[in-house]
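With mmCIF, C-alpha atoms inside, this is work_26.cif:
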data_coords
loop_
_atom_site.label_atom_id
_atom_site.label_comp_id
_atom_site.auth_asym_id
_atom_site.auth_seq_id
_atom_site.Cartn_x
_atom_site.Cartn_y
_atom_site.Cartn_z
CA MET A 101 6.32 23.07 -7.67
CA LYS A 102 10.08 23.14 -7.24
CA THR A 103 9.89 20.18 -4.84
CA LEU A 104 7.79 18.23 -7.33
CA SER A 105 10.31 18.94 -10.10
CA LEU A 106 13.19 17.78 -7.91
CA MET A 107 11.25 14.64 -6.99
CA VAL A 108 10.60 13.82 -10.65
CA ILE A 109 14.28 14.29 -11.46
CA ALA A 110 15.32 12.04 -8.55
CA ILE A 111 12.89 9.31 -9.59
CA SER A 112 14.06 9.57 -13.19
CA CYS A 113 17.68 9.18 -12.12
CA ALA A 114 16.80 6.15 -10.02
CA PHE A 115 15.05 4.58 -12.99
CA LEU A 116 17.93 5.28 -15.35
CA HIS A 117 20.08 3.20 -13.02
CA ALA A 118 17.46 0.46 -12.62
CA SER A 119 16.62 0.42 -16.33
CA ALA A 120 20.23 -0.28 -17.18
CA GLN A 121 19.74 -3.72 -15.62
CA ILE A 122 16.33 -4.40 -17.18
CA LYS A 123 16.43 -5.26 -20.88
CA ASN A 124 13.63 -4.31 -23.31
CA THR A 125 12.53 -1.67 -20.82
CA ILE A 126 9.14 -0.03 -20.91
CA THR A 127 8.33 2.60 -18.28
CA ASP A 128 4.80 3.57 -17.24
CA THR A 129 3.46 5.96 -14.63
CA VAL A 130 0.32 4.72 -12.88
CA LYS A 131 -1.93 5.69 -9.98
CA ILE A 132 -1.86 3.19 -7.09
CA TYR A 133 -3.93 3.93 -4.01
CA GLY A 134 -2.31 3.81 -0.58
CA ASN A 135 -1.44 6.05 2.35
CA CYS A 136 1.78 5.41 4.17
CA GLY A 137 5.32 4.12 4.26
CA MET A 138 4.08 0.58 4.86
CA CYS A 139 2.01 0.85 1.67
CA LYS A 140 5.10 2.07 -0.20
CA SER A 141 7.13 -0.88 1.00
CA LYS A 142 4.48 -3.44 0.04
CA ILE A 143 3.71 -1.88 -3.36
CA GLU A 144 7.36 -1.65 -4.34
CA LYS A 145 8.18 -5.13 -3.06
CA ALA A 146 5.29 -6.63 -5.06
CA ALA A 147 6.45 -4.93 -8.26
CA ASN A 148 10.19 -5.45 -7.93
CA GLN A 149 11.62 -8.55 -9.61
CA LYS A 150 15.37 -8.68 -10.20
CA ASN A 151 16.22 -7.82 -13.83
CA ILE A 152 12.49 -7.97 -14.76
CA SER A 153 10.63 -5.09 -13.10
CA LYS A 154 11.11 -2.19 -10.72
CA ALA A 155 8.70 0.31 -9.17
CA VAL A 156 9.00 3.48 -7.14
CA TRP A 157 5.76 4.65 -5.49
CA ASN A 158 5.36 8.21 -4.24
CA GLU A 159 3.42 8.34 -0.98
CA GLU A 160 2.37 11.98 -1.47
CA THR A 161 1.01 11.71 -5.02
CA GLY A 162 0.07 8.02 -5.13
CA MET A 163 1.86 7.74 -8.46
CA ALA A 164 4.18 4.86 -9.25
CA VAL A 165 6.81 4.75 -11.95
CA ILE A 166 7.07 1.14 -13.14
CA SER A 167 9.80 -0.13 -15.45
CA TYR A 168 9.74 -3.67 -16.77
CA ASP A 169 11.16 -6.03 -19.38
CA ALA A 170 8.35 -6.25 -21.93
CA THR A 171 9.47 -9.73 -23.02
CA GLN A 172 9.01 -11.15 -19.51
CA THR A 173 6.04 -9.29 -17.97
CA ASN A 174 3.65 -6.44 -18.59
CA ARG A 175 2.03 -3.55 -16.77
CA ASP A 176 -1.20 -5.43 -16.09
CA GLU A 177 0.59 -8.41 -14.49
CA ILE A 178 2.46 -6.07 -12.14
CA LEU A 179 -0.72 -4.16 -11.23
CA LYS A 180 -2.62 -7.42 -10.63
CA LYS A 181 0.09 -8.52 -8.22
CA ILE A 182 -0.14 -5.21 -6.35
CA ALA A 183 -3.96 -5.44 -6.27
CA GLY A 184 -3.59 -8.93 -4.79
CA LEU A 185 -1.98 -7.29 -1.76
CA GLY A 186 -4.89 -4.88 -1.28
CA TYR A 187 -3.89 -1.81 -3.31
CA ASP A 188 -6.20 -0.54 -6.06
CA SER A 189 -4.97 1.03 -9.26
CA ASP A 190 -7.05 2.68 -11.94
CA SER A 191 -6.91 -0.63 -13.85
CA PHE A 192 -7.45 -3.24 -11.11
CA LYS A 193 -9.41 -3.26 -7.86
CA ALA A 194 -8.08 -5.26 -4.92
CA PRO A 195 -10.39 -7.96 -3.52
CA ASP A 196 -12.55 -6.46 -0.76
CA ALA A 197 -11.45 -9.11 1.78
CA VAL A 198 -7.77 -8.33 1.16
CA TYR A 199 -8.35 -4.56 1.35
CA ASN A 200 -10.32 -4.99 4.60
CA GLY A 201 -7.40 -6.97 6.05
CA LEU A 202 -4.94 -4.11 5.54
CA PRO A 203 -3.76 -2.30 8.68
CA GLY A 204 -5.85 0.80 9.46
CA CYS A 205 -3.13 3.17 8.30
CA CYS A 206 -3.13 1.48 4.89
CA GLN A 207 -6.89 1.62 4.30
CA TYR A 208 -7.13 4.48 1.82
CA ASP A 209 -10.38 5.97 0.53
CA ARG A 210 -11.32 3.62 -2.30
CA PRO A 211 -12.30 5.24 -5.58
CA LYS A 212 -15.81 4.54 -6.79
CA LYS A 213 -15.94 2.46 -9.98
#

Starting from the coordinates I provided, produce the structure as structure tokens.
Amino acid sequence: MKTLSLMVIAISCAFLHASAQIKNTITDTVKIYGNCGMCKSKIEKAANQKNISKAVWNEETGMAVISYDATQTNRDEILKKIAGLGYDSDSFKAPDAVYNGLPGCCQYDRPKK
């Protein structure tokens, strides 16, 4: 529990710094399915747009903290972009062909919808 608290504080501090550069900031926490460091890299890269959006995905919990400029994008657009790379969220399912093309280490157990 102490580790989780420290992790939340660290992520919050990172977002305070990132949010200072993103105007009209909205921050959401969402579940994004993945397994490994490669997943983390791809998920965060898909979500990060300079001065528009930023994401930090936690490999252990599968939770991502996404901050974005609400005048330039929205949560759904970011999650659609991530799904386009093969990573499901609770809102959007990745295309089966894209998911099947992920490296073996990245093929997480897909939730049933």

**Study point:** Minimum-distance residue to Thr127 of chain A, chosen among A:Lys154, A:Lys193, A:Lys142, A:Lys181 (using all atoms listed in the file)
**Key:** A:Lys154

**Study point:** Counting only C-alpha atoms, the residue of A:Gln149, A:Gln207, A:Ile143, A:Val165 that sits nearest Lys180 of chain A
**Key:**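 Of A:Gln149, A:Gln207, A:Ile143, A:Val165, the one nearest Lys180 of chain A, counting only C-alpha atoms, is A:Ile143.
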
Check your understanding: In terms of the shortest atom-to-atom distance over all atoms listed in the file, which of A:Ala183, A:Met163, A:Ala170, A:Met138 is closest to Ile126 of chain A?
Key -> A:Ala170

Report the centre and edge lengths, in Å to one decimal, of an axis-aligned box enclosing every atom of segment 138-145 of chain A listed in the file, padded by 6 Å on each side, as lines of an AutoDock Vina configuration file.
center_x = 5.1
center_y = -1.5
center_z = 0.3
size_x = 18.2
size_y = 19.2
size_z = 21.2

Practice item. To verify the selection step, state as a PyMOL selection string which residues the PyMOL selection byres ((chain A and resi 132) around 6) yields on this input. Key: chain A and resi 131+133+162+188-189

Exercise for review: Could you state which residues are captured by the PyMOL selection byres ((chain A and resi 124) around 12) in this file, as an NGL selection string?
Suggested key: :A and (119-123 or 125-127 or 151-153 or 167-174)

Practice item. Return the single residue from A:Lys212, A:Ala146, A:Ala197, A:Arg175 that is closest to Asp128 of chain A, with distances computed using only C-alpha atoms. Key: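 Result for the nearest residue to Asp128 of chain A: A:Arg175.
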
Check your understanding: What is the distance, in Å and to one decimal place, between atom CA of Tyr199 of chain A and atom CA of Cys136 of chain A?
Key ->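 Atom CA of Cys136 of chain A lies 14.5 Å from atom CA of Tyr199 of chain A.
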
Exercise for review: Have a look at atom CA of Asn158 of chain A and atom CA of Ile178 of chain A and let me know their distance in Å, one decimal.
Suggested key: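 So the answer is 16.6 Å.
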
Can you tell me, as a compact mmCIF listing (two decimals) with C-alpha atoms, in the coordinates of the input, what residues are no more than 6 Å from Ala164 of chain A when counting only C-alpha atoms, ignoring any on the same chain fewer than 6 positions away?
# COMPACT_ATOMS: atom_id res chain seq x y z
CA THR A 129 3.46 5.96 -14.63
CA VAL A 130 0.32 4.72 -12.88
CA VAL A 156 9.00 3.48 -7.14
CA TRP A 157 5.76 4.65 -5.49

**Study point:** Top pick for closest residue to Cys206 of chain A, considering A:Gly137, A:Glu144, A:Ile166, A:Asp176 and counting only C-alpha atoms
**Key:**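 With only C-alpha atoms as the atom set, the closest residue is A:Gly137.
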
Check your understanding: Interatomic distance between atom CA of Pro203 of chain A and atom CA of Lys150 of chain A?
Key -> 27.6 Å
